[in-house]
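Asker: I have a structure here, written as structure tokens, and I will follow up with some questions on it.
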Amino acid sequence: MSTTSLSTTVPRGSDSSGEAHRAGACRLPGRVRRSAVMSTAAAADSAFLRACRREPLPHAPVWFMRQAGRALPEYRRLREGIGMLESCRRADLVTEITLQPVRRLGVDAAILFSDIVVPLMAVGVDLDIVPGVGPVVAEPFRDRADLDRLPELTADHVPYVAEAVRGLVQELGGTPLIGFAGAPFTLASYLVEGGPSRNHARTKALMYGDPPLWSALLDRLAGITLAFLRVQVDAGASAVQLFDSWVGALPAADYRDLVMPHSARVLAGTADVPRIHFGVGTGELLHDMGAAGADVVGVDWRVPLGEAARRVGPGRALQGNLDPTLVFAPPDVVERKVREVVEAGRAAEGHVFNLGHGVLPETDPDVLARVVELVHSS
Ligand code: CP3
């Protein structure tokens with residue numbers, strides 16, 4: 001059996017309207033007899049991992065942040081009546097939801113279906129993900145006593161993650177699986193604010209007002225994040241992405257002093273696989289986020305990739321950065337913008353095509369599939 005073909009497991013870009021697809025959409029996948037060692041070896045040769053390693057390629061690989069989710073009708077059907085966090089705790093659902101965009105869109109990598117708050121939930125933080133809002137924490141972090149109530153994470157807290165990753169690595173064959181976690185700053189923001197926040201005012205008040213407590217909190221969160229990523233890598237994930245979605249709220253000097261050492265500890269602990277590091281509005285931080293220990297720096301849509309390559313400097317690949325709202329533009333505009341991003345990406349030593357942030361729920365999956373074809377043909 002060819003280890004690079006997905007035909008026996010995950011049909012690439014399969015017909016999304018066909019009977020077979022509809023019938024399969026609500027069924028959970030059967031196991032395939034493929035050894036994890038074989039799958040990992042095939043994935044190592046994939047375009048995605050080669051781009052992360054800055055090896056030459058005929059075309060850029062492509063995947064999309066939030067490629068699993070509400071944009072896909074088969075996701076909406078599967079999630080009916082099941083809460084977001086519950087679905088993250090069920091290895092069978094995690095497996096199926098992770099595979100859905102690989103089947104439908106023909107992307108070059110899968111990303112584990114989970115959420116950045118899953119490790120916090122796993123160690124006992126009382127939180128929920130409210131549709132249309134995001135993560136909401138029942139008792140926001142306020143003082144040192146709250147730190148004492150935040151335990152370190154062990155593999156026993158997240159058995160469903162290791163189980164899902166092991167199964168996925170087999171199902172995916174030569175398609176690599178990206179593991180992920182939220183970075184300490186972004187997790188701290190949800191804990192301290194109690195939910196999504198525009199200005200991160202309470203977070204910054206703690207950071208500037210009580211540096212020792214801030215440092216202790218980020219140290220604890222770095223430990224939780226690293227342990228969560230180790231579970232994924234040890235179970236067979238081929239790469240990791242550390243999401244520091246909201247760290248663009250900080251000036252570079254404060255990022256370096258108050259955040260970067262903690263992110264660097266996480267990235268150093270996963271150096272056995274390629275590490276992608278991403279945030280939104282991080283144009284001023286791109287160099288430092290690379291220097292924190294990333295192999296690939298994720299770039300949002302605000303900074304053209306040529307300029308991002310200059311800011312990041314040598315020795316790192318880039319990921320990005322089509323504006324996620326561009327999928328709503330007319331087809332000729334989508335095509336022109338995709339080709340512009342591909343062209344700009346040639347300035348980087350390696351380029352993984354992606355959106356500049358996650359897929360918006362209203363996105364037409366057919367447009368995403370078309371973007372994949374365009375990237376592969378550019
Ligand atoms: O396909 C993938 O990329 C993997 C799945 C994934 C999810 N969340 C699933 C999810 C990933 C990588 C995340 C990371 C995540 N979660 C981040 C970092 C990435 C980023 O967007 O910057 C952040 C900040 C979160 C927190 C979070 N979780 C938000 C802001 C929301 C949206 C809330 C809403 O309903 O608008 C979530 C919920 C969430 N996480 C959904 C999915 C598919 C939607 C839940 C649903 O389907 O009801």
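Note on naming: chains are A, B, ... as they come in the structure tokens, residues start from 1 per chain, ligands start from 1 in the order shown.
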What does the list of residues within 8 Å of ligand 1 look like if you count only C-alpha atoms and all ligand atoms, written as a PyMOL selection string?

Answerer: chain A and resi 64-70+75-76+79+83-84+98+110-117+129-135+180-182+186+196+243-246+279-280+357-358

Asker: Hey, can you spit out that residue selection with N, CA and C atoms as a tab-separated table (two decimals), in the first residue's frame?

Answerer:
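Writing done, so here's out29.tsv:
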chain	number	residue	atom	x	y	z
A	64	PHE	N	-5.76	25.69	6.68
A	64	PHE	CA	-6.44	26.88	7.17
A	64	PHE	C	-6.66	26.80	8.67
A	65	MET	N	-6.29	27.87	9.37
A	65	MET	CA	-6.64	27.93	10.78
A	65	MET	C	-8.16	27.86	10.90
A	66	ARG	N	-8.67	27.08	11.86
A	66	ARG	CA	-10.11	26.83	12.03
A	66	ARG	C	-10.72	26.18	10.79
A	67	GLN	N	-9.97	25.32	10.12
A	67	GLN	CA	-10.54	24.67	8.94
A	67	GLN	C	-11.67	23.71	9.32
A	68	ALA	N	-11.60	23.19	10.55
A	68	ALA	CA	-12.72	22.40	11.08
A	68	ALA	C	-13.66	23.38	11.77
A	69	GLY	N	-14.94	23.27	11.51
A	69	GLY	CA	-15.84	24.18	12.21
A	69	GLY	C	-17.08	24.50	11.41
A	70	ARG	N	-17.72	25.58	11.85
A	70	ARG	CA	-19.09	25.84	11.37
A	70	ARG	C	-19.22	26.12	9.89
A	75	TYR	N	-19.86	19.34	9.74
A	75	TYR	CA	-19.51	19.68	11.13
A	75	TYR	C	-20.76	20.09	11.90
A	76	ARG	N	-21.56	20.96	11.27
A	76	ARG	CA	-22.76	21.45	11.97
A	76	ARG	C	-23.69	20.29	12.29
A	79	ARG	N	-22.24	18.20	15.22
A	79	ARG	CA	-22.23	18.89	16.51
A	79	ARG	C	-23.63	19.15	17.07
A	83	GLY	N	-22.29	20.04	23.07
A	83	GLY	CA	-21.54	21.26	23.41
A	83	GLY	C	-20.13	21.20	22.86
A	84	MET	N	-19.55	22.40	22.66
A	84	MET	CA	-18.20	22.49	22.09
A	84	MET	C	-17.19	21.72	22.95
A	98	THR	N	-11.74	16.43	12.89
A	98	THR	CA	-10.41	16.77	12.37
A	98	THR	C	-10.27	16.33	10.92
A	110	ALA	N	-3.68	18.40	8.63
A	110	ALA	CA	-4.83	18.42	9.52
A	110	ALA	C	-4.41	19.14	10.79
A	111	ILE	N	-5.37	19.77	11.47
A	111	ILE	CA	-5.08	20.31	12.80
A	111	ILE	C	-6.06	19.68	13.78
A	112	LEU	N	-5.53	19.24	14.89
A	112	LEU	CA	-6.36	18.56	15.89
A	112	LEU	C	-7.55	19.42	16.26
A	113	PHE	N	-8.73	18.84	16.29
A	113	PHE	CA	-9.90	19.58	16.74
A	113	PHE	C	-9.89	19.64	18.26
A	114	SER	N	-9.78	20.84	18.77
A	114	SER	CA	-9.75	21.06	20.22
A	114	SER	C	-9.99	22.55	20.42
A	115	ASP	N	-9.57	23.10	21.51
A	115	ASP	CA	-9.66	24.55	21.70
A	115	ASP	C	-8.56	24.94	22.67
A	116	ILE	N	-8.18	26.22	22.63
A	116	ILE	CA	-7.08	26.63	23.51
A	116	ILE	C	-7.45	26.53	24.99
A	117	VAL	N	-8.75	26.52	25.32
A	117	VAL	CA	-9.10	26.43	26.75
A	117	VAL	C	-9.25	24.98	27.23
A	129	ILE	N	-17.53	27.38	26.57
A	129	ILE	CA	-17.40	28.12	25.32
A	129	ILE	C	-18.80	28.46	24.87
A	130	VAL	N	-19.10	29.76	24.90
A	130	VAL	CA	-20.45	30.22	24.59
A	130	VAL	C	-20.51	30.58	23.10
A	131	PRO	N	-21.45	29.96	22.36
A	131	PRO	CA	-21.53	30.22	20.92
A	131	PRO	C	-21.68	31.71	20.63
A	132	GLY	N	-20.89	32.20	19.69
A	132	GLY	CA	-20.95	33.61	19.32
A	132	GLY	C	-20.19	34.54	20.25
A	133	VAL	N	-19.70	34.00	21.37
A	133	VAL	CA	-18.95	34.81	22.33
A	133	VAL	C	-17.51	34.31	22.43
A	134	GLY	N	-17.37	33.04	22.79
A	134	GLY	CA	-16.04	32.47	23.00
A	134	GLY	C	-15.94	31.92	24.41
A	135	PRO	N	-14.71	31.65	24.88
A	135	PRO	CA	-14.55	31.07	26.22
A	135	PRO	C	-14.97	32.05	27.31
A	180	PHE	N	-1.78	21.66	18.69
A	180	PHE	CA	-1.73	23.08	19.02
A	180	PHE	C	-2.07	23.33	20.47
A	181	ALA	N	-1.73	24.54	20.89
A	181	ALA	CA	-2.10	25.02	22.22
A	181	ALA	C	-2.12	26.53	22.19
A	182	GLY	N	-2.79	27.12	23.17
A	182	GLY	CA	-2.74	28.56	23.35
A	182	GLY	C	-1.48	28.93	24.12
A	186	THR	N	-2.10	34.58	25.91
A	186	THR	CA	-3.49	34.51	25.46
A	186	THR	C	-4.35	33.73	26.45
A	196	PRO	N	-13.61	36.87	26.35
A	196	PRO	CA	-12.94	37.65	25.30
A	196	PRO	C	-12.90	39.12	25.69
A	243	PHE	N	-0.61	29.23	19.54
A	243	PHE	CA	-1.43	30.40	19.22
A	243	PHE	C	-1.27	31.44	20.33
A	244	ASP	N	-0.63	32.58	19.98
A	244	ASP	CA	-0.69	33.71	20.92
A	244	ASP	C	-1.57	34.78	20.29
A	245	SER	N	-2.84	34.43	20.15
A	245	SER	CA	-3.76	35.23	19.33
A	245	SER	C	-3.80	36.70	19.74
A	246	TRP	N	-3.75	36.97	21.04
A	246	TRP	CA	-4.00	38.36	21.47
A	246	TRP	C	-2.74	39.11	21.91
A	279	GLY	N	0.19	34.94	15.98
A	279	GLY	CA	-0.67	35.88	16.70
A	279	GLY	C	-1.29	36.86	15.72
A	280	VAL	N	-2.30	37.60	16.19
A	280	VAL	CA	-3.00	38.57	15.34
A	280	VAL	C	-2.51	39.97	15.70
A	357	HIS	N	-5.99	34.74	9.65
A	357	HIS	CA	-6.59	34.32	10.92
A	357	HIS	C	-7.58	33.23	10.55
A	358	GLY	N	-8.41	32.80	11.51
A	358	GLY	CA	-9.23	31.63	11.28
A	358	GLY	C	-10.33	31.80	10.23

Asker: Could you pull out the strand (DSSP E or B) residues of stretch 219-277 of chain A, going by DSSP on the backbone, and write them as a list in words?

Answerer: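 Those residues are Ala239, Val240, Gln241, Leu242, Phe243, Arg275, Ile276 and His277 of chain A.
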
Asker: Closest to A:Thr95 among A:Pro261, A:Pro324, A:Gly167, A:Pro330, using only C-alpha atoms?

Answerer: A:Gly167

Asker: Apply DSSP to the structure's backbone, then extract all residues of stretch 3-237 of chain A labelled alpha helix (DSSP H) and return them as number ranges by chain.

Answerer: A: 19-25, 36-44, 47-52, 73-79, 84-89, 91-105, 118-122, 144-148, 159-172, 184-193, 201-209, 211-234

Asker: Using only C-alpha atoms, can you tell me which of A:Val118, A:Val371, A:Leu168, A:Val297 comes closest to A:Val333?

Answerer: A:Val371

Asker: Could you give me, as a tab-separated table, a per-residue list for stretch 304-371 of chain A showing, wherever an atom lies at most 7 Å from an atom of stretch 38-54 of chain A, the closest pair of atoms and their distance in Å to one decimal, using only C-alpha atoms and sorting by chain then residue number from low to high?

Answerer:
residue	atom	partner	partner_atom	distance
A:Ala317	CA	A:Cys52	CA	6.0
A:Glu349	CA	A:Arg54	CA	5.5
A:Gly350	CA	A:Arg54	CA	4.3
A:His351	CA	A:Ala51	CA	5.9
A:Val352	CA	A:Ala51	CA	6.3

Asker: Generate the output file for the selected residues, C-alpha atoms, as a PDB file, in the first residue's frame.

Answerer:
ATOM      1  CA  ALA A 317       9.749  29.934   7.396  1.00  0.00           C
ATOM      2  CA  GLU A 349      12.919  30.686   3.045  1.00  0.00           C
ATOM      3  CA  GLY A 350       9.836  28.470   3.365  1.00  0.00           C
ATOM      4  CA  HIS A 351       6.143  29.285   2.984  1.00  0.00           C
ATOM      5  CA  VAL A 352       3.057  27.539   4.318  1.00  0.00           C
TER       6      VAL A 352
END

Asker: Quick one: residues within 12 Å of A:Leu267, only C-alpha atoms, excluding same-chain residues fewer than 3 positions away - as a PDB file with N, CA and C atoms, in the first residue's frame?

Answerer:
ATOM      1  N   PHE A 180      -1.782  21.657  18.689  1.00  0.00           N
ATOM      2  CA  PHE A 180      -1.728  23.082  19.016  1.00  0.00           C
ATOM      3  C   PHE A 180      -2.073  23.332  20.470  1.00  0.00           C
ATOM      4  N   ALA A 181      -1.726  24.538  20.886  1.00  0.00           N
ATOM      5  CA  ALA A 181      -2.103  25.015  22.224  1.00  0.00           C
ATOM      6  C   ALA A 181      -2.115  26.533  22.194  1.00  0.00           C
ATOM      7  N   GLY A 182      -2.787  27.121  23.169  1.00  0.00           N
ATOM      8  CA  GLY A 182      -2.742  28.564  23.348  1.00  0.00           C
ATOM      9  C   GLY A 182      -1.484  28.929  24.123  1.00  0.00           C
ATOM     10  N   ALA A 183      -0.885  30.054  23.773  1.00  0.00           N
ATOM     11  CA  ALA A 183       0.334  30.500  24.455  1.00  0.00           C
ATOM     12  C   ALA A 183      -0.026  31.136  25.807  1.00  0.00           C
ATOM     13  N   PRO A 184       0.944  31.226  26.723  1.00  0.00           N
ATOM     14  CA  PRO A 184       0.652  31.723  28.067  1.00  0.00           C
ATOM     15  C   PRO A 184      -0.055  33.078  28.111  1.00  0.00           C
ATOM     16  N   ALA A 222       2.653  28.204  31.166  1.00  0.00           N
ATOM     17  CA  ALA A 222       3.650  27.620  30.251  1.00  0.00           C
ATOM     18  C   ALA A 222       3.799  26.129  30.530  1.00  0.00           C
ATOM     19  N   GLY A 223       3.782  25.768  31.822  1.00  0.00           N
ATOM     20  CA  GLY A 223       3.888  24.347  32.186  1.00  0.00           C
ATOM     21  C   GLY A 223       2.696  23.552  31.667  1.00  0.00           C
ATOM     22  N   THR A 225       0.660  24.397  29.159  1.00  0.00           N
ATOM     23  CA  THR A 225       0.701  24.397  27.691  1.00  0.00           C
ATOM     24  C   THR A 225       1.718  23.393  27.171  1.00  0.00           C
ATOM     25  N   LEU A 226       2.902  23.397  27.778  1.00  0.00           N
ATOM     26  CA  LEU A 226       3.949  22.475  27.324  1.00  0.00           C
ATOM     27  C   LEU A 226       3.509  21.024  27.540  1.00  0.00           C
ATOM     28  N   ALA A 227       2.939  20.738  28.699  1.00  0.00           N
ATOM     29  CA  ALA A 227       2.501  19.358  28.959  1.00  0.00           C
ATOM     30  C   ALA A 227       1.425  18.942  27.962  1.00  0.00           C
ATOM     31  N   LEU A 229       1.020  20.081  24.883  1.00  0.00           N
ATOM     32  CA  LEU A 229       1.658  19.843  23.578  1.00  0.00           C
ATOM     33  C   LEU A 229       2.446  18.540  23.578  1.00  0.00           C
ATOM     34  N   ARG A 230       3.100  18.235  24.706  1.00  0.00           N
ATOM     35  CA  ARG A 230       3.881  16.981  24.767  1.00  0.00           C
ATOM     36  C   ARG A 230       2.979  15.768  24.592  1.00  0.00           C
ATOM     37  N   ALA A 239       3.792  18.307  14.040  1.00  0.00           N
ATOM     38  CA  ALA A 239       4.198  19.707  14.199  1.00  0.00           C
ATOM     39  C   ALA A 239       3.288  20.301  15.262  1.00  0.00           C
ATOM     40  N   VAL A 240       3.651  21.471  15.766  1.00  0.00           N
ATOM     41  CA  VAL A 240       2.750  22.145  16.705  1.00  0.00           C
ATOM     42  C   VAL A 240       2.593  23.604  16.312  1.00  0.00           C
ATOM     43  N   GLN A 241       1.424  24.149  16.632  1.00  0.00           N
ATOM     44  CA  GLN A 241       1.235  25.586  16.490  1.00  0.00           C
ATOM     45  C   GLN A 241       0.881  26.156  17.851  1.00  0.00           C
ATOM     46  N   LEU A 242       1.663  27.156  18.258  1.00  0.00           N
ATOM     47  CA  LEU A 242       1.403  27.860  19.512  1.00  0.00           C
ATOM     48  C   LEU A 242       0.687  29.163  19.156  1.00  0.00           C
ATOM     49  N   PHE A 243      -0.607  29.225  19.540  1.00  0.00           N
ATOM     50  CA  PHE A 243      -1.433  30.402  19.222  1.00  0.00           C
ATOM     51  C   PHE A 243      -1.269  31.443  20.325  1.00  0.00           C
ATOM     52  N   MET A 260       7.748  36.763  26.424  1.00  0.00           N
ATOM     53  CA  MET A 260       8.576  35.927  25.559  1.00  0.00           C
ATOM     54  C   MET A 260       9.293  34.784  26.286  1.00  0.00           C
ATOM     55  N   PRO A 261       9.852  35.006  27.493  1.00  0.00           N
ATOM     56  CA  PRO A 261      10.559  33.889  28.145  1.00  0.00           C
ATOM     57  C   PRO A 261       9.651  32.682  28.391  1.00  0.00           C
ATOM     58  N   HIS A 262       8.376  32.940  28.663  1.00  0.00           N
ATOM     59  CA  HIS A 262       7.443  31.849  28.951  1.00  0.00           C
ATOM     60  C   HIS A 262       7.067  31.098  27.657  1.00  0.00           C
ATOM     61  N   SER A 263       6.836  31.866  26.584  1.00  0.00           N
ATOM     62  CA  SER A 263       6.561  31.217  25.296  1.00  0.00           C
ATOM     63  C   SER A 263       7.794  30.442  24.838  1.00  0.00           C
ATOM     64  N   ALA A 264       8.965  31.019  25.072  1.00  0.00           N
ATOM     65  CA  ALA A 264      10.220  30.365  24.658  1.00  0.00           C
ATOM     66  C   ALA A 264      10.387  29.022  25.365  1.00  0.00           C
ATOM     67  N   THR A 270       9.354  21.608  22.733  1.00  0.00           N
ATOM     68  CA  THR A 270       8.772  20.857  21.612  1.00  0.00           C
ATOM     69  C   THR A 270       9.686  20.918  20.386  1.00  0.00           C
ATOM     70  N   ALA A 271      10.985  21.058  20.642  1.00  0.00           N
ATOM     71  CA  ALA A 271      11.937  21.257  19.545  1.00  0.00           C
ATOM     72  C   ALA A 271      12.122  20.016  18.684  1.00  0.00           C
ATOM     73  N   ASP A 272      11.521  18.901  19.080  1.00  0.00           N
ATOM     74  CA  ASP A 272      11.647  17.684  18.249  1.00  0.00           C
ATOM     75  C   ASP A 272      10.699  17.695  17.055  1.00  0.00           C
ATOM     76  N   VAL A 273       9.812  18.683  16.960  1.00  0.00           N
ATOM     77  CA  VAL A 273       8.963  18.832  15.768  1.00  0.00           C
ATOM     78  C   VAL A 273       8.988  20.304  15.342  1.00  0.00           C
ATOM     79  N   PRO A 274       8.600  20.599  14.069  1.00  0.00           N
ATOM     80  CA  PRO A 274       8.510  22.011  13.674  1.00  0.00           C
ATOM     81  C   PRO A 274       7.479  22.752  14.522  1.00  0.00           C
ATOM     82  N   ARG A 275       7.836  23.966  14.895  1.00  0.00           N
ATOM     83  CA  ARG A 275       6.984  24.779  15.758  1.00  0.00           C
ATOM     84  C   ARG A 275       6.538  26.035  15.015  1.00  0.00           C
ATOM     85  N   ILE A 276       5.213  26.219  14.903  1.00  0.00           N
ATOM     86  CA  ILE A 276       4.639  27.421  14.286  1.00  0.00           C
ATOM     87  C   ILE A 276       4.175  28.319  15.428  1.00  0.00           C
ATOM     88  N   HIS A 277       4.442  29.613  15.299  1.00  0.00           N
ATOM     89  CA  HIS A 277       4.037  30.545  16.355  1.00  0.00           C
ATOM     90  C   HIS A 277       3.245  31.672  15.703  1.00  0.00           C
ATOM     91  N   MET A 289       8.812  37.001  17.998  1.00  0.00           N
ATOM     92  CA  MET A 289       8.062  35.739  18.062  1.00  0.00           C
ATOM     93  C   MET A 289       8.843  34.626  17.367  1.00  0.00           C
ATOM     94  N   GLY A 290       9.592  34.977  16.347  1.00  0.00           N
ATOM     95  CA  GLY A 290      10.493  33.995  15.740  1.00  0.00           C
ATOM     96  C   GLY A 290      11.622  33.643  16.695  1.00  0.00           C
ATOM     97  N   ALA A 291      12.216  34.684  17.274  1.00  0.00           N
ATOM     98  CA  ALA A 291      13.360  34.479  18.177  1.00  0.00           C
ATOM     99  C   ALA A 291      12.961  33.703  19.431  1.00  0.00           C
ATOM    100  N   ALA A 292      11.682  33.694  19.746  1.00  0.00           N
ATOM    101  CA  ALA A 292      11.218  32.904  20.907  1.00  0.00           C
ATOM    102  C   ALA A 292      11.443  31.409  20.679  1.00  0.00           C
ATOM    103  N   GLY A 293      11.700  31.030  19.428  1.00  0.00           N
ATOM    104  CA  GLY A 293      12.011  29.622  19.165  1.00  0.00           C
ATOM    105  C   GLY A 293      11.098  28.979  18.142  1.00  0.00           C
ATOM    106  N   ALA A 294      10.533  29.801  17.229  1.00  0.00           N
ATOM    107  CA  ALA A 294       9.644  29.239  16.196  1.00  0.00           C
ATOM    108  C   ALA A 294      10.448  28.843  14.966  1.00  0.00           C
ATOM    109  N   ASP A 295      10.043  27.748  14.339  1.00  0.00           N
ATOM    110  CA  ASP A 295      10.591  27.391  13.029  1.00  0.00           C
ATOM    111  C   ASP A 295       9.821  28.111  11.935  1.00  0.00           C
ATOM    112  N   VAL A 296       8.532  28.381  12.213  1.00  0.00           N
ATOM    113  CA  VAL A 296       7.637  29.028  11.256  1.00  0.00           C
ATOM    114  C   VAL A 296       6.906  30.139  12.000  1.00  0.00           C
TER     115      VAL A 296
END

Asker: Between A:Asn199, A:Leu360, A:Ile97, A:Leu355, which residue has the minimum interatomic distance to A:Trp63, considering only C-alpha atoms?

Answerer: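 Among A:Asn199, A:Leu360, A:Ile97, A:Leu355, it is A:Leu355 that comes nearest to A:Trp63.
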
Asker: Measuring between only C-alpha atoms, which one of A:Ala249, A:Ala348, A:Val158, A:Ala164 shows the shortest distance to A:Thr203?

Answerer: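 Once distances to A:Thr203 are computed over only C-alpha atoms, the minimum belongs to A:Ala249.
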
Asker: Pick from A:Ser189, A:Ala347, A:Val125, A:Arg149: nearest to A:Leu206, with only C-alpha atoms counted?

Answerer: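 Using only C-alpha atoms, A:Leu206 sits closest to A:Ser189.
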
Asker: Need to verify the contact set: A:Arg336, 12 Å, only C-alpha atoms, exclusion of same-chain residues closer than 4 positions in sequence. Can you return it as a ChimeraX atom specification?

Answerer: /A:322,326-327,329-332,340-343,371,374-375,378

Asker: Let me see the file: selected residues, C-alpha atoms, as an mmCIF file, in the first residue's frame.

Answerer:
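What follows is the written file part-v4.cif:
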data_model
loop_
_atom_site.group_PDB
_atom_site.id
_atom_site.type_symbol
_atom_site.label_atom_id
_atom_site.label_comp_id
_atom_site.auth_asym_id
_atom_site.auth_seq_id
_atom_site.Cartn_x
_atom_site.Cartn_y
_atom_site.Cartn_z
ATOM 1 C CA LEU A 322 -4.731 35.749 2.975
ATOM 2 C CA LEU A 326 -11.408 37.778 1.022
ATOM 3 C CA VAL A 327 -13.305 34.529 0.491
ATOM 4 C CA ALA A 329 -14.912 38.638 -2.831
ATOM 5 C CA PRO A 330 -15.679 37.806 -6.493
ATOM 6 C CA PRO A 331 -13.741 34.772 -7.840
ATOM 7 C CA ASP A 332 -11.321 36.816 -9.970
ATOM 8 C CA GLU A 340 -0.225 37.680 -4.723
ATOM 9 C CA VAL A 341 0.215 35.889 -1.382
ATOM 10 C CA VAL A 342 1.935 32.926 -3.091
ATOM 11 C CA GLU A 343 4.241 35.321 -4.952
ATOM 12 C CA VAL A 371 -8.078 28.419 -2.826
ATOM 13 C CA LEU A 374 -5.061 27.832 -6.770
ATOM 14 C CA VAL A 375 -2.173 27.553 -4.302
ATOM 15 C CA SER A 378 0.649 28.607 -8.587
#

Asker: What's the 9 Å shell around A:Leu147, counting only C-alpha atoms, without same-chain residues fewer than 4 positions away, as a VMD selection string?

Answerer: chain A and resid 141 to 143 151 213 216 to 217 220

Asker: What does the distance between atom CA of A:Ala109 and atom CA of A:Trp301 come to in Å, to one decimal place?

Answerer: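 Separating atom CA of A:Ala109 from atom CA of A:Trp301 is a distance of 20.5 Å.
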
Asker: Do a neighbour search on A:Pro251 at 12 Å with only C-alpha atoms, toss out local chain neighbours closer than 3 positions, and write the hits as a VMD selection string.

Answerer: chain A and resid 204 247 to 248 254 to 260 281 to 286 288
